[in-house]
Amino acid sequence: MENRTKLLLCEDDPNLGTLLAQYLKAKDYEVELCVDGEQGLKAYGKRRFDLLLLDVMMPVKDGFTLAREIRERDRDVPIIFLTAKNMRQDTLAGFESGADDYLTKPFSMEELLLRINAVLRRSAATVQQEERATVFTLGSSTFDARRQVLTCPDGERRLTTKETDLLRLLCEHANSVLERPVALRSVWGDDNYFNGRSMDVYIAKLRKYLAETPGVEILNVHGKGFRLVVPGN
């Protein structure tokens with residue numbers, strides 16, 4: 001039981017709430033059903049949930065308010081809104097209050113399951129990313145991947161997202177070979193020719209940024225990829 005994914009379902013329609021809870025339990029989720037936002041907040045305060053399914057139009061406390069109050073305590077728990085509203089401003093309000101996804105009624109059970117699985121995968125990937133090292137010492141320079149900042153003897157430079165992702169991979173493979181296909185698939189999503197040319201441009205930029213850091217350089221490894229040389233590592 002402890003290994004099952006735990007869902008908090010807040011839905012004021014008793015028929016729909018019961019139907020959703022039964023379906024998700026049949027798919028091996030552990031589900032706690034609440035009929036209004038106040039009950040949902042109390043349930044959330046008593047235990048840990050892996051994902052929240054919140055109806056928007058609930059009595060006592062609506063879904064948007066509930067999400068905002070939960071986000072004050074926990075910025076990471078995934079939230080999916082279930083609503084009969086489909087106006088653009090309502091969708092924006094949902095995301096502004098902390099939603100990860102937004103499902104408009106009526107929806108199929110299969111679509112709901114797909115959305116839940118997709119949000120859980122994204123959440124797991126984010127946790128993995130955050131558990132990786134974020135600050136790297138490169139000789140007399142420092143690279144802060146979270147802030148996307150490279151601090152060298154000649155000053156501080158803010159990096160683009162791709163520059164950050166590529167330099168982070170090089171740092172994680174410091175003094176060993178980072179293979180081209182691995183870098184391309186990790187940063188560009190595809191190791192095709194055009195992305196390869198783009199990566200070479202980014203490698204040249206990173207070399208330029210690190211040029212004033214003694215002993216640190218990015219070498220080409222013929223037929224394989226790149227090696228970030230870092231003294232003392």
# chains A, B, ... in the order shown; residues from 1 in each chain; ligands from 1
>>> residues_around(residues="region 24-30 of chain A", least_positions_apart="6", cutoff="8 Å", atoms="only C-alpha atoms", output="number ranges by chain")
A: 1, 4-7, 113
>>> write_last_selection(atoms="C-alpha atoms", output="PDB file, in the first residue's frame")
ATOM      1  CA  MET A   1       0.000   0.000   0.000  1.00  0.00           C
ATOM      2  CA  ARG A   4       1.157   3.113  -4.382  1.00  0.00           C
ATOM      3  CA  THR A   5       0.873   6.628  -5.819  1.00  0.00           C
ATOM      4  CA  LYS A   6      -1.319   8.713  -3.512  1.00  0.00           C
ATOM      5  CA  LEU A   7      -3.882  11.070  -5.039  1.00  0.00           C
ATOM      6  CA  LEU A 113      -5.082   8.770 -16.711  1.00  0.00           C
TER       7      LEU A 113
END
>>> residues_around(residues="region 221-226 of chain A", least_positions_apart="6", cutoff="8 Å", atoms="only C-alpha atoms", output="compact mmCIF listing (two decimals) with all heavy atoms, in the first residue's frame")
# COMPACT_ATOMS: atom_id res chain seq x y z
N LEU A 170 29.26 18.93 -19.48
CA LEU A 170 30.73 18.88 -19.53
C LEU A 170 31.31 18.79 -18.12
O LEU A 170 32.25 18.04 -17.87
CB LEU A 170 31.27 20.12 -20.25
CG LEU A 170 31.06 20.13 -21.77
CD1 LEU A 170 31.25 21.55 -22.31
CD2 LEU A 170 32.04 19.16 -22.46
N VAL A 177 35.44 11.80 -21.30
CA VAL A 177 34.84 12.13 -22.59
C VAL A 177 33.32 12.26 -22.48
O VAL A 177 32.65 11.36 -21.96
CB VAL A 177 35.21 11.08 -23.66
CG1 VAL A 177 34.51 11.41 -24.98
CG2 VAL A 177 36.71 11.03 -23.86
N LEU A 178 32.81 13.39 -22.95
CA LEU A 178 31.37 13.55 -23.15
C LEU A 178 31.10 13.27 -24.63
O LEU A 178 31.52 14.02 -25.50
CB LEU A 178 30.92 14.98 -22.80
CG LEU A 178 29.48 15.35 -23.18
CD1 LEU A 178 28.48 14.47 -22.44
CD2 LEU A 178 29.20 16.82 -22.90
N GLU A 179 30.43 12.17 -24.90
CA GLU A 179 30.22 11.77 -26.30
C GLU A 179 29.21 12.69 -26.97
O GLU A 179 28.23 13.12 -26.36
CB GLU A 179 29.75 10.31 -26.36
CG GLU A 179 30.77 9.33 -25.82
CD GLU A 179 30.30 7.89 -25.93
OE1 GLU A 179 29.16 7.67 -26.40
OE2 GLU A 179 31.08 7.00 -25.56
N ARG A 180 29.48 12.98 -28.25
CA ARG A 180 28.63 13.90 -29.01
C ARG A 180 27.15 13.48 -29.00
O ARG A 180 26.28 14.32 -28.72
CB ARG A 180 29.12 14.03 -30.46
CG ARG A 180 30.38 14.87 -30.63
CD ARG A 180 30.73 14.99 -32.11
NE ARG A 180 29.75 15.78 -32.83
CZ ARG A 180 29.81 17.10 -33.00
NH1 ARG A 180 30.82 17.79 -32.48
NH2 ARG A 180 28.87 17.73 -33.68
>>> closest_residue(among="A:Arg115, A:Arg147, A:Arg73, A:Arg168", to="Tyr44 (chain A)", atoms="only C-alpha atoms")
A:Arg73
>>> closest_residue(among="A:Glu172, A:Glu212, A:Asp13, A:Asp165", to="Met57 (chain A)", atoms="only C-alpha atoms")
A:Asp13
>>> closest_residue(among="A:Thr83, A:Thr65, A:Ser108, A:Thr134", to="Leu20 (chain A)", atoms="only C-alpha atoms")
A:Ser108
>>> residues_around(residues="region 185-194 of chain A", least_positions_apart="3", cutoff="9 Å", atoms="only C-alpha atoms", output="VMD selection string")
chain A and resid 162 165 to 166 169 180 to 182 197 to 199
>>> write_last_selection(atoms="all heavy atoms", output="PDB file, in the first residue's frame")
ATOM      1  N   LYS A 162      20.682  26.757 -23.096  1.00  0.00           N
ATOM      2  CA  LYS A 162      21.463  25.729 -23.791  1.00  0.00           C
ATOM      3  C   LYS A 162      22.932  25.775 -23.377  1.00  0.00           C
ATOM      4  O   LYS A 162      23.571  24.731 -23.216  1.00  0.00           O
ATOM      5  CB  LYS A 162      21.322  25.873 -25.312  1.00  0.00           C
ATOM      6  CG  LYS A 162      20.085  25.168 -25.876  1.00  0.00           C
ATOM      7  CD  LYS A 162      20.138  25.084 -27.383  1.00  0.00           C
ATOM      8  CE  LYS A 162      19.079  24.121 -27.927  1.00  0.00           C
ATOM      9  NZ  LYS A 162      17.727  24.469 -27.536  1.00  0.00           N
ATOM     10  N   ASP A 165      22.987  24.080 -19.986  1.00  0.00           N
ATOM     11  CA  ASP A 165      22.809  22.629 -20.057  1.00  0.00           C
ATOM     12  C   ASP A 165      24.057  21.937 -20.601  1.00  0.00           C
ATOM     13  O   ASP A 165      24.460  20.873 -20.107  1.00  0.00           O
ATOM     14  CB  ASP A 165      21.598  22.289 -20.930  1.00  0.00           C
ATOM     15  CG  ASP A 165      20.280  22.702 -20.293  1.00  0.00           C
ATOM     16  OD1 ASP A 165      20.272  22.964 -19.072  1.00  0.00           O
ATOM     17  OD2 ASP A 165      19.270  22.776 -21.010  1.00  0.00           O
ATOM     18  N   LEU A 166      24.668  22.535 -21.605  1.00  0.00           N
ATOM     19  CA  LEU A 166      25.852  21.927 -22.206  1.00  0.00           C
ATOM     20  C   LEU A 166      27.040  21.997 -21.254  1.00  0.00           C
ATOM     21  O   LEU A 166      27.768  20.995 -21.080  1.00  0.00           O
ATOM     22  CB  LEU A 166      26.180  22.629 -23.525  1.00  0.00           C
ATOM     23  CG  LEU A 166      27.346  22.052 -24.348  1.00  0.00           C
ATOM     24  CD1 LEU A 166      27.144  20.570 -24.612  1.00  0.00           C
ATOM     25  CD2 LEU A 166      27.484  22.817 -25.661  1.00  0.00           C
ATOM     26  N   LEU A 169      26.678  19.410 -18.481  1.00  0.00           N
ATOM     27  CA  LEU A 169      27.060  18.069 -18.911  1.00  0.00           C
ATOM     28  C   LEU A 169      28.572  17.916 -18.949  1.00  0.00           C
ATOM     29  O   LEU A 169      29.125  16.892 -18.518  1.00  0.00           O
ATOM     30  CB  LEU A 169      26.470  17.767 -20.294  1.00  0.00           C
ATOM     31  CG  LEU A 169      25.034  17.288 -20.358  1.00  0.00           C
ATOM     32  CD1 LEU A 169      24.597  17.136 -21.811  1.00  0.00           C
ATOM     33  CD2 LEU A 169      24.862  15.964 -19.626  1.00  0.00           C
ATOM     34  N   ARG A 180      29.484  12.977 -28.254  1.00  0.00           N
ATOM     35  CA  ARG A 180      28.627  13.901 -29.005  1.00  0.00           C
ATOM     36  C   ARG A 180      27.153  13.484 -29.002  1.00  0.00           C
ATOM     37  O   ARG A 180      26.276  14.316 -28.723  1.00  0.00           O
ATOM     38  CB  ARG A 180      29.124  14.028 -30.456  1.00  0.00           C
ATOM     39  CG  ARG A 180      30.377  14.868 -30.628  1.00  0.00           C
ATOM     40  CD  ARG A 180      30.734  14.995 -32.107  1.00  0.00           C
ATOM     41  NE  ARG A 180      29.746  15.777 -32.829  1.00  0.00           N
ATOM     42  CZ  ARG A 180      29.815  17.097 -32.998  1.00  0.00           C
ATOM     43  NH1 ARG A 180      30.819  17.791 -32.476  1.00  0.00           N
ATOM     44  NH2 ARG A 180      28.871  17.733 -33.682  1.00  0.00           N
ATOM     45  N   PRO A 181      26.842  12.215 -29.305  1.00  0.00           N
ATOM     46  CA  PRO A 181      25.418  11.841 -29.335  1.00  0.00           C
ATOM     47  C   PRO A 181      24.733  12.037 -27.989  1.00  0.00           C
ATOM     48  O   PRO A 181      23.555  12.416 -27.930  1.00  0.00           O
ATOM     49  CB  PRO A 181      25.453  10.357 -29.731  1.00  0.00           C
ATOM     50  CG  PRO A 181      26.758  10.171 -30.426  1.00  0.00           C
ATOM     51  CD  PRO A 181      27.706  11.086 -29.728  1.00  0.00           C
ATOM     52  N   VAL A 182      25.450  11.787 -26.899  1.00  0.00           N
ATOM     53  CA  VAL A 182      24.875  11.962 -25.565  1.00  0.00           C
ATOM     54  C   VAL A 182      24.545  13.431 -25.329  1.00  0.00           C
ATOM     55  O   VAL A 182      23.455  13.786 -24.870  1.00  0.00           O
ATOM     56  CB  VAL A 182      25.845  11.447 -24.481  1.00  0.00           C
ATOM     57  CG1 VAL A 182      25.338  11.827 -23.087  1.00  0.00           C
ATOM     58  CG2 VAL A 182      26.027   9.944 -24.590  1.00  0.00           C
ATOM     59  N   ARG A 197      25.904  20.898 -35.749  1.00  0.00           N
ATOM     60  CA  ARG A 197      26.551  22.166 -36.099  1.00  0.00           C
ATOM     61  C   ARG A 197      26.251  23.238 -35.055  1.00  0.00           C
ATOM     62  O   ARG A 197      27.107  24.054 -34.702  1.00  0.00           O
ATOM     63  CB  ARG A 197      26.081  22.628 -37.482  1.00  0.00           C
ATOM     64  CG  ARG A 197      26.501  21.717 -38.628  1.00  0.00           C
ATOM     65  CD  ARG A 197      28.020  21.645 -38.763  1.00  0.00           C
ATOM     66  NE  ARG A 197      28.608  22.934 -39.063  1.00  0.00           N
ATOM     67  CZ  ARG A 197      28.787  23.402 -40.300  1.00  0.00           C
ATOM     68  NH1 ARG A 197      28.440  22.666 -41.340  1.00  0.00           N
ATOM     69  NH2 ARG A 197      29.339  24.583 -40.486  1.00  0.00           N
ATOM     70  N   SER A 198      24.999  23.238 -34.570  1.00  0.00           N
ATOM     71  CA  SER A 198      24.620  24.195 -33.540  1.00  0.00           C
ATOM     72  C   SER A 198      25.432  23.965 -32.273  1.00  0.00           C
ATOM     73  O   SER A 198      25.913  24.924 -31.650  1.00  0.00           O
ATOM     74  CB  SER A 198      23.120  24.068 -33.231  1.00  0.00           C
ATOM     75  OG  SER A 198      22.746  24.924 -32.168  1.00  0.00           O
ATOM     76  N   MET A 199      25.621  22.700 -31.889  1.00  0.00           N
ATOM     77  CA  MET A 199      26.390  22.409 -30.686  1.00  0.00           C
ATOM     78  C   MET A 199      27.831  22.881 -30.823  1.00  0.00           C
ATOM     79  O   MET A 199      28.422  23.395 -29.874  1.00  0.00           O
ATOM     80  CB  MET A 199      26.355  20.913 -30.358  1.00  0.00           C
ATOM     81  CG  MET A 199      27.112  20.569 -29.073  1.00  0.00           C
ATOM     82  SD  MET A 199      26.863  18.874 -28.515  1.00  0.00           S
ATOM     83  CE  MET A 199      27.729  17.989 -29.830  1.00  0.00           C
TER      84      MET A 199
END
>>> select_by_dssp(residues="region 94-186 of chain A", states="strand (DSSP E or B)", output="list of chain:residue names")
A:Asp101, A:Tyr102, A:Leu103, A:Thr104, A:Val135, A:Phe136, A:Thr137, A:Leu138, A:Ser141, A:Thr142, A:Phe143, A:Asp144, A:Val149, A:Leu150, A:Thr151, A:Cys152, A:Gly155, A:Glu156, A:Arg157, A:Arg158, A:Val177, A:Leu178, A:Glu179
>>> write_last_selection(atoms="N, CA, C and O atoms", output="mmCIF file, in the first residue's frame")
data_model
loop_
_atom_site.group_PDB
_atom_site.id
_atom_site.type_symbol
_atom_site.label_atom_id
_atom_site.label_comp_id
_atom_site.auth_asym_id
_atom_site.auth_seq_id
_atom_site.Cartn_x
_atom_site.Cartn_y
_atom_site.Cartn_z
ATOM 1 N N ASP A 101 -1.576 21.177 -14.823
ATOM 2 C CA ASP A 101 -2.386 20.833 -15.990
ATOM 3 C C ASP A 101 -3.833 21.195 -15.683
ATOM 4 O O ASP A 101 -4.197 21.466 -14.533
ATOM 5 N N TYR A 102 -4.670 21.147 -16.742
ATOM 6 C CA TYR A 102 -6.031 21.684 -16.653
ATOM 7 C C TYR A 102 -6.902 20.840 -17.569
ATOM 8 O O TYR A 102 -6.665 20.804 -18.762
ATOM 9 N N LEU A 103 -7.863 20.138 -17.008
ATOM 10 C CA LEU A 103 -8.690 19.222 -17.786
ATOM 11 C C LEU A 103 -10.142 19.688 -17.737
ATOM 12 O O LEU A 103 -10.718 19.847 -16.660
ATOM 13 N N THR A 104 -10.731 19.927 -18.934
ATOM 14 C CA THR A 104 -12.089 20.459 -19.010
ATOM 15 C C THR A 104 -13.112 19.324 -19.118
ATOM 16 O O THR A 104 -12.960 18.410 -19.918
ATOM 17 N N VAL A 135 26.537 23.618 -8.387
ATOM 18 C CA VAL A 135 27.680 24.524 -8.398
ATOM 19 C C VAL A 135 28.954 23.728 -8.661
ATOM 20 O O VAL A 135 29.221 22.736 -7.984
ATOM 21 N N PHE A 136 29.725 24.180 -9.656
ATOM 22 C CA PHE A 136 30.950 23.489 -10.053
ATOM 23 C C PHE A 136 32.124 24.459 -9.984
ATOM 24 O O PHE A 136 32.024 25.611 -10.418
ATOM 25 N N THR A 137 33.253 23.964 -9.450
ATOM 26 C CA THR A 137 34.477 24.754 -9.407
ATOM 27 C C THR A 137 35.353 24.372 -10.587
ATOM 28 O O THR A 137 35.711 23.196 -10.748
ATOM 29 N N LEU A 138 35.663 25.345 -11.413
ATOM 30 C CA LEU A 138 36.475 25.124 -12.606
ATOM 31 C C LEU A 138 37.746 25.960 -12.475
ATOM 32 O O LEU A 138 37.827 27.085 -12.965
ATOM 33 N N SER A 141 37.475 29.625 -11.696
ATOM 34 C CA SER A 141 36.118 30.027 -12.066
ATOM 35 C C SER A 141 35.085 29.182 -11.327
ATOM 36 O O SER A 141 35.396 28.085 -10.841
ATOM 37 N N THR A 142 33.860 29.692 -11.276
ATOM 38 C CA THR A 142 32.751 28.970 -10.641
ATOM 39 C C THR A 142 31.546 29.014 -11.569
ATOM 40 O O THR A 142 31.208 30.062 -12.118
ATOM 41 N N PHE A 143 30.901 27.858 -11.713
ATOM 42 C CA PHE A 143 29.709 27.755 -12.561
ATOM 43 C C PHE A 143 28.529 27.365 -11.686
ATOM 44 O O PHE A 143 28.523 26.306 -11.061
ATOM 45 N N ASP A 144 27.529 28.237 -11.627
ATOM 46 C CA ASP A 144 26.306 27.980 -10.871
ATOM 47 C C ASP A 144 25.204 27.641 -11.876
ATOM 48 O O ASP A 144 24.644 28.529 -12.528
ATOM 49 N N VAL A 149 24.878 31.089 -14.167
ATOM 50 C CA VAL A 149 25.915 32.117 -14.098
ATOM 51 C C VAL A 149 27.298 31.461 -14.061
ATOM 52 O O VAL A 149 27.534 30.525 -13.286
ATOM 53 N N LEU A 150 28.206 31.963 -14.896
ATOM 54 C CA LEU A 150 29.604 31.550 -14.906
ATOM 55 C C LEU A 150 30.439 32.731 -14.415
ATOM 56 O O LEU A 150 30.423 33.800 -15.025
ATOM 57 N N THR A 151 31.145 32.520 -13.301
ATOM 58 C CA THR A 151 31.972 33.577 -12.724
ATOM 59 C C THR A 151 33.437 33.253 -12.984
ATOM 60 O O THR A 151 33.967 32.268 -12.460
ATOM 61 N N CYS A 152 34.085 34.067 -13.813
ATOM 62 C CA CYS A 152 35.471 33.873 -14.211
ATOM 63 C C CYS A 152 36.327 35.016 -13.663
ATOM 64 O O CYS A 152 35.793 36.017 -13.166
ATOM 65 N N GLY A 155 35.212 38.387 -14.760
ATOM 66 C CA GLY A 155 33.870 38.864 -14.462
ATOM 67 C C GLY A 155 32.812 37.781 -14.485
ATOM 68 O O GLY A 155 33.102 36.596 -14.682
ATOM 69 N N GLU A 156 31.564 38.200 -14.269
ATOM 70 C CA GLU A 156 30.419 37.289 -14.212
ATOM 71 C C GLU A 156 29.642 37.336 -15.518
ATOM 72 O O GLU A 156 29.432 38.411 -16.081
ATOM 73 N N ARG A 157 29.233 36.175 -15.991
ATOM 74 C CA ARG A 157 28.491 36.092 -17.248
ATOM 75 C C ARG A 157 27.237 35.250 -17.042
ATOM 76 O O ARG A 157 27.313 34.134 -16.525
ATOM 77 N N ARG A 158 26.089 35.773 -17.465
ATOM 78 C CA ARG A 158 24.842 35.003 -17.420
ATOM 79 C C ARG A 158 24.727 34.183 -18.700
ATOM 80 O O ARG A 158 24.846 34.719 -19.800
ATOM 81 N N VAL A 177 35.441 11.797 -21.297
ATOM 82 C CA VAL A 177 34.844 12.133 -22.590
ATOM 83 C C VAL A 177 33.323 12.258 -22.478
ATOM 84 O O VAL A 177 32.650 11.361 -21.965
ATOM 85 N N LEU A 178 32.806 13.391 -22.954
ATOM 86 C CA LEU A 178 31.365 13.551 -23.155
ATOM 87 C C LEU A 178 31.102 13.265 -24.629
ATOM 88 O O LEU A 178 31.518 14.018 -25.499
ATOM 89 N N GLU A 179 30.428 12.167 -24.903
ATOM 90 C CA GLU A 179 30.219 11.765 -26.295
ATOM 91 C C GLU A 179 29.211 12.689 -26.974
ATOM 92 O O GLU A 179 28.235 13.124 -26.364
#
>>> closest_residue(among="A:Lys205, A:Arg122, A:Arg75, A:Arg48", to="Glu163 (chain A)", atoms="only C-alpha atoms")
A:Lys205
>>> atom_distance(atom1="CA of Gly63 (chain A)", atom2="CA of Leu114 (chain A)")
21.2 Å
>>> select_by_dssp(residues="region 5-233 of chain A", states="helix (DSSP H, G or I)", output="MDAnalysis selection string")
chainID A and resid 14:26 37:46 63:73 88:96 109:131 161:172 180:187 193:209
>>> closest_residue(among="A:Glu96, A:Asp76, A:Asp50, A:Glu111", to="Glu32 (chain A)", atoms="only C-alpha atoms")
A:Asp50
>>> atom_distance(atom1="CA of Glu69 (chain A)", atom2="CA of Leu54 (chain A)")
12.7 Å
>>> closest_residue(among="A:Val35, A:Leu228, A:Ala124, A:Leu167", to="Leu9 (chain A)", atoms="only C-alpha atoms")
A:Val35
